[in-house]
Amino acid sequence: MRRMSFARRVLVQLAHPVLERSRVNRRLIAAVRDLPGVTLHDLYERYPAFDIDVRREQALLLEHDVIVFQHPFYWYSTPAILKEWQDLVLEHGWAYGKGGTRLHGKLTCNAITTGGPATAYQHDGRNRFTMRELLAPWDQTAFLCGMRFLAPLVVHGSFRLGSDEDVAPHAELYRRALLALRDDTLDLSRAQQASYLQDALPPAPSSTPATAAKEQP
Amino acid sequence: MTDSVLVQAFIYLAAAVLGVPLAKRLGLGSVLGYLLSGVIIGPFALGLVGGEGHSVMHFAEFGVVMMLFLVGLELRPAILWQLRRPILGLGGLQVAGTTVAVAAAALALGVAWRPALAIGMILAMSSTAIVLQSLAEKGQLKSPGGQSAFSILLFQDISVIPILAVFPLLATSAAQTAAKDAGHPGWLQALMVLGAVIGLIAAGRYIVRPAFRLLAQTRLREVFTAATLFLVVGIALLMQLVGLSPALGTFLAGVVLAESEYRHELESDLEPFKGLLLGLFFISVGAQIDFAIVGDRPAVIAGLVTAVVAGKLAVLYALGRGFGLDRPSRWLLAFSLSQVGEFAFVLLSFGVSSKVFGSELASPLVAVVALSMVTTPLLLILLERVILPRVTSTAQRPADHITHQDEAVVIAGFGRFGQVVGRLLRANQIPSTVLDLDPNMVELLGRLGIKVHYGDAARPELLHAAGCDKARLFVLAVDDVEASTRIAEHVHRAYPHLKILARARNRAHYYALRHAGVQHIFRETMGSALEMAAETLHQLGVRAYTAQRMTAAWRRHDERALQELESLWGGDAGVYFAQARSMLQETERLMRAENPEVFREVEAEWDNDSLRDEVLEAVRAAGAPQPAAETPPAPETQPAAETQPAASPSAAPTPPE
C-alpha cells in the first residue's frame with residue numbers, strides 16, 4: 001500500500017549506539033516514526049554485534065527511493081556501525097563499479113545532530129570546516145553509487161536542547177523534510193546545492209520552524 | 001613346551017629390547033638393530049635360537065601382511081588410482097629389468113637359462129618390510145621417492161602370483177610334479193582370484209562396516225581388537241586359498257576400509273601387533289643367516305651380495321631418472337629398494353621343491369638375500385650422510401608431492417559441542433579429522449556424509465593415527481571431564497606444537513585444563529547463558545546494542561575473576577579441592593563478588609553527560625545568556641558531538657546535579 005500511495009518511498013537508517021540516552025535523536029525519531037511511506041531501520045538495535053545482513057540491507061535499499069542516514073555526529077563522522085554498513089552493503093558490482101547500478105537515481109542525505117553550534121562549523125569556527133565539507137566522503141560515496149546527494153539536515157547545538165519543547169521545532173522540521181522527500185515537493189536542485197536541507201524546504205503551512213543555526217540570531 | 005615357548009619369547013624380546021634402542025642410539029635405525037640382534041642370538045653367535053628360526057620367521061611374516069593392511073588403510077582408492085602409472089610403469093619395468101639383468105649375469109656365470117631366469121625373478125623382489133619400515137622411520141613414505149618405492153613394492157607383490165605360476169614351467173626335469181600343485185586349471189584359478197577380490201570389496205563395504213559398528217557398540221575394546229585381527233587373519237587365509245599373496249589381499253582390504261569411519265581405530269589396534277611381528281621377522285632373518293656358507297666362501301658371497309645390490313641399484317636409478325624423479329628422490333628410490341626381499345626365501349624353497357634349481361644353488365642365495373637385507377640400513381645411512389647432502393645442494397625443488405592432505409584441525413568429541421565447531425569449519429571448507437566414541441553418532445554422521453572416525457581420543461595411538469603430529473589445532477570437545485583432562489595432558493606433552501582449544505565443563509575442569517597447559521578454554525554453557533542474559537535485558541527494554549555491551553563487560557569481569565581465583569585453587573590439589581567445594585558455596589561467593597562497578601565502563605564510554613555539563617558549565621561561568629552559544633565556549637574544542645566517545649571519560653569530573 002505504501003508503495004502505491006507515495007511519490008517516493010523513504011528509508012531512515014538510524015544509527016545511535018545509546019538511543020535511550022539521546023535527547024534529540026530520540027525525539028526526532030518519535031516525530032517521524034508513524035509517517036506512512038517512511039520505513040525506520042534502527043541499525044544498532046538490529047545488529048547489536050555488528051553482524052550486518054548484507055542481503056537484507058540491499059533488499060531494503062532496493063525497496064526505497066530515498067535513503068536518509070540519521071545519526072549523531074561523532075568525531076566529524078558517523079557512529080561506527082554506519083561505516084561497517086557502508087563497507088559491507090555497498091558492494092562492488094552492486095552499488096558501484098561494473099554492473100553496480102542498483103542504487104542509481106536514488107536520493108540520499110544525512111540527518112545529523114551535533115553538539116556544537118552552527119557557527120562552529122564554519123571556516124573561522126572552532127571546527128574549521130563546514131558541514132558539507134566534513135560530509136565530503138558521503139557526498140562522494142553517493143556520487144560513485146549514482147545517487148543524488150542532498151544537503152544534510154542538521155540539528156546543531158544539541159547540548160542545549162534538553163526538553164521536549166526545545167527539540168519540538170527540530171522534530172517538526174525533520175518531519176516536514178521527510179514528507180517533502182516522500183511527496184516529491186522538494187526542489188531537488190536547490191536541495192543538492194544548499195548548505196542545509198532545511199534551506200530548501202517548501203515553506204511550512206503554519207508556524208515558521210527555524211534551523212538550529214538560525215534559531216537565535 | 002610352554003616353557004620353551006616362554007623362553008623363546010623371552011630371548012626374542014630381550015634381543016629386541018636391548019638391540020633396537022642401542023642401534024637407534026648409534027644412528028643405525030631399528031631395522032638394522034633387529035637384524036643384528038638376530039645375528040647375535042642366532043646359531044652362529046650365541047646360539048640361543050636355532051632350528052626353530054624358520055618357523056618363527058613364517059609366523060613373523062604375518063607382520064608383513066599386517067603392515068600391508070595398514071598401508072592399505074592409508075591409501076584411499078582415489079590415491080591408489082593416482083598411483084597407477086608408477087605402479088604399472090615403474091614397477092613393471094623394475095621387475096622386468098632386474099630379472100633380465102640378473103638372469104644375464106647368471107648365464108654369464110654358467111647357470112642354465114631356466115634357473116637363471118628363475119633367479120632373476122627371485123632377486124628382482126625387494127623387501128616390503130625393510131623398505132616401508134625404514135622409510136616410515138625417516139618420514140619419507142609420502143615423498144616422491146617414497147611413493148615410487150611403494151609403487152614398485154606393490155607391483156612386486158602382485159607379480160609374485162604369476163611368478164609362482166611360471167616356476168613349475170621352468171622346472172628342468174620333473175616339470176610335471178609341481179604343476180599339479182596349482183591344482184586348478186588356469187581359468188578356474190583366475191575366476192577364483194577375481195571372485196575373491198570382488199568378494200573382498202563387497203564384504204568390506206557391506207559386511208565389515210556394519211559388523212564393526214555393532215562391535216563398537218559393545219564398547220569393549222578387546223573385542224574390537226580381536227575382530228580386527230580376525231579380519232586380517234581371515235583375509236590372509238582366503239587369499240592363500242585362492243593362491244593370491246596374503247599381503248596383497250590384506251592390502252586390498254585395507255584400501256577398501258580406508259574410507260571407513262573405523263580406519264583410525266583399526267590402525268591403532270593393529271599397530272602394536274604389526275610392530276612386534278615385524279621386529280620378530282627381522283630378528284629371525286638375522287638369525288637365519290648361514291654363516292657356515294659365508295665362512296666357506298666369503299669372497300664369493302661378498303661378491304654376489306655386492307653385485308646383486310649394485311645391479312638392482314643401477315636398474316632402479318635408471319628407472320627413477322626415466323620417470324622424471326629429481327635426483328634426491330632417485331637416490332632414495334635406488335638405495336631403499338636395492339636389497340632382495342623376504343619373498344625370495346619363499347621363492348627359493350619353492351624353486352628347489354619345483355626342481356627349478358638345486359639346493360647347491362639355493363643355499364648360498366639364501367645367505368646372499370639375508371645379507372643384502374643387512375646392507376639396506378647401512379646404505380640408507382650412507383645415503384643420508386654422504387649422498388643426499390651433495391645432490392640436494394643443487395637446490396632443485398622436489399616435484400609435486402603425491403601426499404594426502406593432512407588435516408590441520410583434529411576435533412576430539414563430536415557431540416553437541418564439537419559438532420558446532422566441526423560444521424562451521426566444514427561450511428568453510430576447512431577439512432578436519434573428527435574422533436568420537438559414540439558409534440551411533442559416528443554412523444549417523446556417516447549417513448550425512450560427514451567423516452567421523454570412531455575411537456577413544458584418550459588413546460595415544462589413536463591421536464597419533466589421527467595426525468596430531470601434523471595438525472595445527474586440537475579442538476578438545478569431549479564431554480567427559482576426566483577424559484578431557486587426560487587427553488589435554490597427553491596432547492600437550494606429546495605434541496607441544498599443537499595448540500589446544502578446550503571445552504570446559506565447569507570451573508574445576510577449567511582449572512584442571514589450565515593446569516594441563518591449555519591456553520584457550522571455553523566454559524561450555526557460558527556463551528549461551530550470556531546470550532540469554534543479553535536477551536533478557538533486551539526483553540526488559542534495554543536496547544540490543546547496550547545489552548550486548550553490558551554482557552560483554554560482565555564477561556570480561558567474570559573472566560578476570562576466574563583468572564584471579566586460579567591461584568586460590570592451588571596447584572595439584574586444586575582439582576580435587578575444586579570438586580570438593582560445594583556448588584552453593586561457590587555460587588554465594590561469586591554473587592557476593594558481583595560489583596556494579598563493572599558497568600561503569602559501559603556507561604562512561606558513551607557518557608556525554610560529562611561533556612554536556614562541561615559545556616553548560618562554561619556557558620554559565622561566562623555569565624552569558626543562552627544566545628552566547630554563538631561564540632563557542634572552550635570545552636567545545638573537543639569535537640562537538642551530541643554524545644561522543646570520550647577518550648578518557650574519567651578525566652571528566654562527576655557531573656554536579
# chains A, B, ... in the order shown; residues from 1 in each chain; ligands from 1

call {"tool": "select_by_dssp", "arguments": {"residues": "range 8-162 of chain A", "states": "alpha helix (DSSP H)", "output": "ChimeraX atom specification"}}
result
/A:24-32,43-46,54-62,80-89,131-134,136-144

call {"tool": "residues_around", "arguments": {"residues": "Asp157 in chain B", "least_positions_apart": "6", "cutoff": "9 Å", "atoms": "only C-alpha atoms", "output": "ChimeraX atom specification"}}
result
/B:125,128,245,247-248,343

call {"tool": "write_last_selection", "arguments": {"atoms": "N, CA and C atoms", "output": "compact mmCIF listing (two decimals), in the first residue's frame"}}
result
# COMPACT_ATOMS: atom_id res chain seq x y z
N MET B 125 62.72 -59.13 -6.52
CA MET B 125 61.88 -58.73 -5.40
C MET B 125 62.68 -57.89 -4.40
N THR B 128 59.50 -55.49 1.28
CA THR B 128 58.47 -54.54 1.70
C THR B 128 58.71 -54.14 3.16
N SER B 245 48.72 -63.61 -2.94
CA SER B 245 49.57 -63.35 -1.80
C SER B 245 48.73 -62.73 -0.69
N ALA B 247 49.56 -60.83 1.64
CA ALA B 247 49.88 -59.41 1.81
C ALA B 247 49.08 -58.57 0.83
N LEU B 248 48.99 -59.05 -0.40
CA LEU B 248 48.25 -58.31 -1.40
C LEU B 248 46.77 -58.24 -1.04
N PHE B 343 60.34 -62.32 0.25
CA PHE B 343 59.65 -63.30 -0.57
C PHE B 343 60.63 -64.21 -1.30

call {"tool": "closest_residue", "arguments": {"among": "A:Ala15, A:Leu90, A:Leu153, A:Leu181", "to": "Asp42 in chain A", "atoms": "only C-alpha atoms"}}
result
A:Ala15

call {"tool": "interface_residues", "arguments": {"of": "chain A", "to": "chain B", "cutoff": "10 Å", "atoms": "only C-alpha atoms", "output": "count of residues only"}}
result
50

call {"tool": "select_by_dssp", "arguments": {"residues": "range 40-144 of chain A", "states": "strand (DSSP E or B)", "output": "PyMOL selection string"}}
result
chain A and resi 40-42+66-72+74+77+92+96+107-114

call {"tool": "residues_around", "arguments": {"residues": "Asn506 in chain B", "least_positions_apart": "3", "cutoff": "7 Å", "atoms": "only C-alpha atoms", "output": "MDAnalysis selection string"}}
result
chainID B and resid 509:510 523

call {"tool": "write_last_selection", "arguments": {"atoms": "C-alpha atoms", "output": "PDB file, in the first residue's frame"}}
result
ATOM      1  CA  HIS B 509      37.546 -28.523  34.871  1.00  0.00           C
ATOM      2  CA  TYR B 510      38.621 -25.097  33.694  1.00  0.00           C
ATOM      3  CA  ARG B 523      33.262 -22.812  29.533  1.00  0.00           C
TER       4      ARG B 523
END

call {"tool": "residues_around", "arguments": {"residues": "range 203-211 of chain B", "least_positions_apart": "6", "cutoff": "12 Å", "atoms": "only C-alpha atoms", "output": "number ranges by chain"}}
result
B: 73, 195-197, 217-218, 223-224, 227-228, 230-232, 235, 249-250, 252-263, 266, 439-440, 442-443, 446, 454

call {"tool": "residues_around", "arguments": {"residues": "Gly455 in chain B", "least_positions_apart": "6", "cutoff": "12 Å", "atoms": "only C-alpha atoms", "output": "PyMOL selection string"}}
result
chain B and resi 212-213+216-217+219-221+224-225+261-269+411-414+433-439+441-442+461-466

call {"tool": "residues_around", "arguments": {"residues": "Leu337 in chain B", "least_positions_apart": "2", "cutoff": "7 Å", "atoms": "only C-alpha atoms", "output": "list of chain:residue names"}}
result
B:Ser126, B:Val131, B:Ala149, B:Leu333, B:Ala334, B:Phe335, B:Gln339

call {"tool": "write_last_selection", "arguments": {"atoms": "all heavy atoms", "output": "PDB file, in the first residue's frame"}}
result
ATOM      1  N   SER B 126      61.992 -56.931  -3.793  1.00  0.00           N
ATOM      2  CA  SER B 126      62.621 -56.173  -2.708  1.00  0.00           C
ATOM      3  C   SER B 126      61.832 -56.427  -1.430  1.00  0.00           C
ATOM      4  O   SER B 126      60.743 -56.977  -1.472  1.00  0.00           O
ATOM      5  CB  SER B 126      62.616 -54.679  -3.022  1.00  0.00           C
ATOM      6  OG  SER B 126      63.255 -54.449  -4.239  1.00  0.00           O
ATOM      7  N   VAL B 131      61.842 -51.838   3.565  1.00  0.00           N
ATOM      8  CA  VAL B 131      61.714 -50.545   2.890  1.00  0.00           C
ATOM      9  C   VAL B 131      60.683 -49.666   3.598  1.00  0.00           C
ATOM     10  O   VAL B 131      60.957 -48.519   3.942  1.00  0.00           O
ATOM     11  CB  VAL B 131      61.321 -50.747   1.416  1.00  0.00           C
ATOM     12  CG1 VAL B 131      61.120 -49.392   0.759  1.00  0.00           C
ATOM     13  CG2 VAL B 131      62.389 -51.544   0.695  1.00  0.00           C
ATOM     14  N   ALA B 149      58.909 -45.875  -4.521  1.00  0.00           N
ATOM     15  CA  ALA B 149      59.341 -47.133  -3.925  1.00  0.00           C
ATOM     16  C   ALA B 149      58.128 -47.981  -3.571  1.00  0.00           C
ATOM     17  O   ALA B 149      58.065 -49.180  -3.854  1.00  0.00           O
ATOM     18  CB  ALA B 149      60.180 -46.865  -2.679  1.00  0.00           C
ATOM     19  N   LEU B 333      65.093 -43.813  -3.954  1.00  0.00           N
ATOM     20  CA  LEU B 333      64.432 -44.970  -4.559  1.00  0.00           C
ATOM     21  C   LEU B 333      65.430 -46.098  -4.755  1.00  0.00           C
ATOM     22  O   LEU B 333      65.199 -47.241  -4.347  1.00  0.00           O
ATOM     23  CB  LEU B 333      63.821 -44.548  -5.897  1.00  0.00           C
ATOM     24  CG  LEU B 333      63.156 -45.648  -6.711  1.00  0.00           C
ATOM     25  CD1 LEU B 333      61.878 -46.073  -6.035  1.00  0.00           C
ATOM     26  CD2 LEU B 333      62.874 -45.169  -8.128  1.00  0.00           C
ATOM     27  N   ALA B 334      66.567 -45.782  -5.364  1.00  0.00           N
ATOM     28  CA  ALA B 334      67.548 -46.807  -5.709  1.00  0.00           C
ATOM     29  C   ALA B 334      68.123 -47.466  -4.453  1.00  0.00           C
ATOM     30  O   ALA B 334      68.193 -48.690  -4.356  1.00  0.00           O
ATOM     31  CB  ALA B 334      68.666 -46.183  -6.534  1.00  0.00           C
ATOM     32  N   PHE B 335      68.476 -46.641  -3.466  1.00  0.00           N
ATOM     33  CA  PHE B 335      69.094 -47.195  -2.261  1.00  0.00           C
ATOM     34  C   PHE B 335      68.098 -48.000  -1.441  1.00  0.00           C
ATOM     35  O   PHE B 335      68.434 -49.024  -0.879  1.00  0.00           O
ATOM     36  CB  PHE B 335      69.693 -46.070  -1.407  1.00  0.00           C
ATOM     37  CG  PHE B 335      71.104 -45.765  -1.768  1.00  0.00           C
ATOM     38  CD1 PHE B 335      71.428 -45.402  -3.073  1.00  0.00           C
ATOM     39  CD2 PHE B 335      72.118 -45.850  -0.831  1.00  0.00           C
ATOM     40  CE1 PHE B 335      72.739 -45.129  -3.426  1.00  0.00           C
ATOM     41  CE2 PHE B 335      73.432 -45.584  -1.179  1.00  0.00           C
ATOM     42  CZ  PHE B 335      73.741 -45.217  -2.471  1.00  0.00           C
ATOM     43  N   GLN B 339      67.852 -54.035  -1.779  1.00  0.00           N
ATOM     44  CA  GLN B 339      68.012 -55.380  -1.200  1.00  0.00           C
ATOM     45  C   GLN B 339      67.069 -56.386  -1.872  1.00  0.00           C
ATOM     46  O   GLN B 339      66.233 -56.014  -2.689  1.00  0.00           O
ATOM     47  CB  GLN B 339      67.753 -55.360   0.309  1.00  0.00           C
ATOM     48  CG  GLN B 339      66.290 -55.289   0.727  1.00  0.00           C
ATOM     49  CD  GLN B 339      65.580 -54.069   0.254  1.00  0.00           C
ATOM     50  OE1 GLN B 339      64.813 -54.119  -0.695  1.00  0.00           O
ATOM     51  NE2 GLN B 339      65.845 -52.936   0.884  1.00  0.00           N
TER      52      GLN B 339
END

call {"tool": "residues_around", "arguments": {"residues": "Glu559 in chain B", "least_positions_apart": "6", "cutoff": "12 Å", "atoms": "only C-alpha atoms", "output": "compact mmCIF listing (two decimals) with C-alpha atoms, in the first residue's frame"}}
result
# COMPACT_ATOMS: atom_id res chain seq x y z
CA ARG B 507 35.29 -24.19 36.94
CA TYR B 510 38.62 -25.10 33.69
CA ILE B 521 39.43 -22.68 27.32
CA PHE B 522 35.73 -22.22 26.75
CA ARG B 523 33.26 -22.81 29.53
CA MET B 526 28.91 -19.55 29.27
CA ALA B 552 30.47 -8.22 27.16
CA ALA B 553 31.58 -6.09 30.11
CA LEU B 565 40.87 -17.02 41.57
CA GLU B 566 43.09 -19.53 39.86

call {"tool": "atom_distance", "arguments": {"atom1": "CA of Val38 in chain A", "atom2": "CA of Val12 in chain A"}}
result
7.2 Å

call {"tool": "atom_distance", "arguments": {"atom1": "CA of Gln122 in chain A", "atom2": "CA of Tyr196 in chain A"}}
result
12.9 Å

call {"tool": "atom_distance", "arguments": {"atom1": "CA of Ile289 in chain B", "atom2": "CA of Val366 in chain B"}}
result
7.6 Å

call {"tool": "closest_residue", "arguments": {"among": "B:Pro298, B:Gly303, B:Gly92, B:Pro115", "to": "Lys355 in chain B", "atoms": "only C-alpha atoms"}}
result
B:Pro115
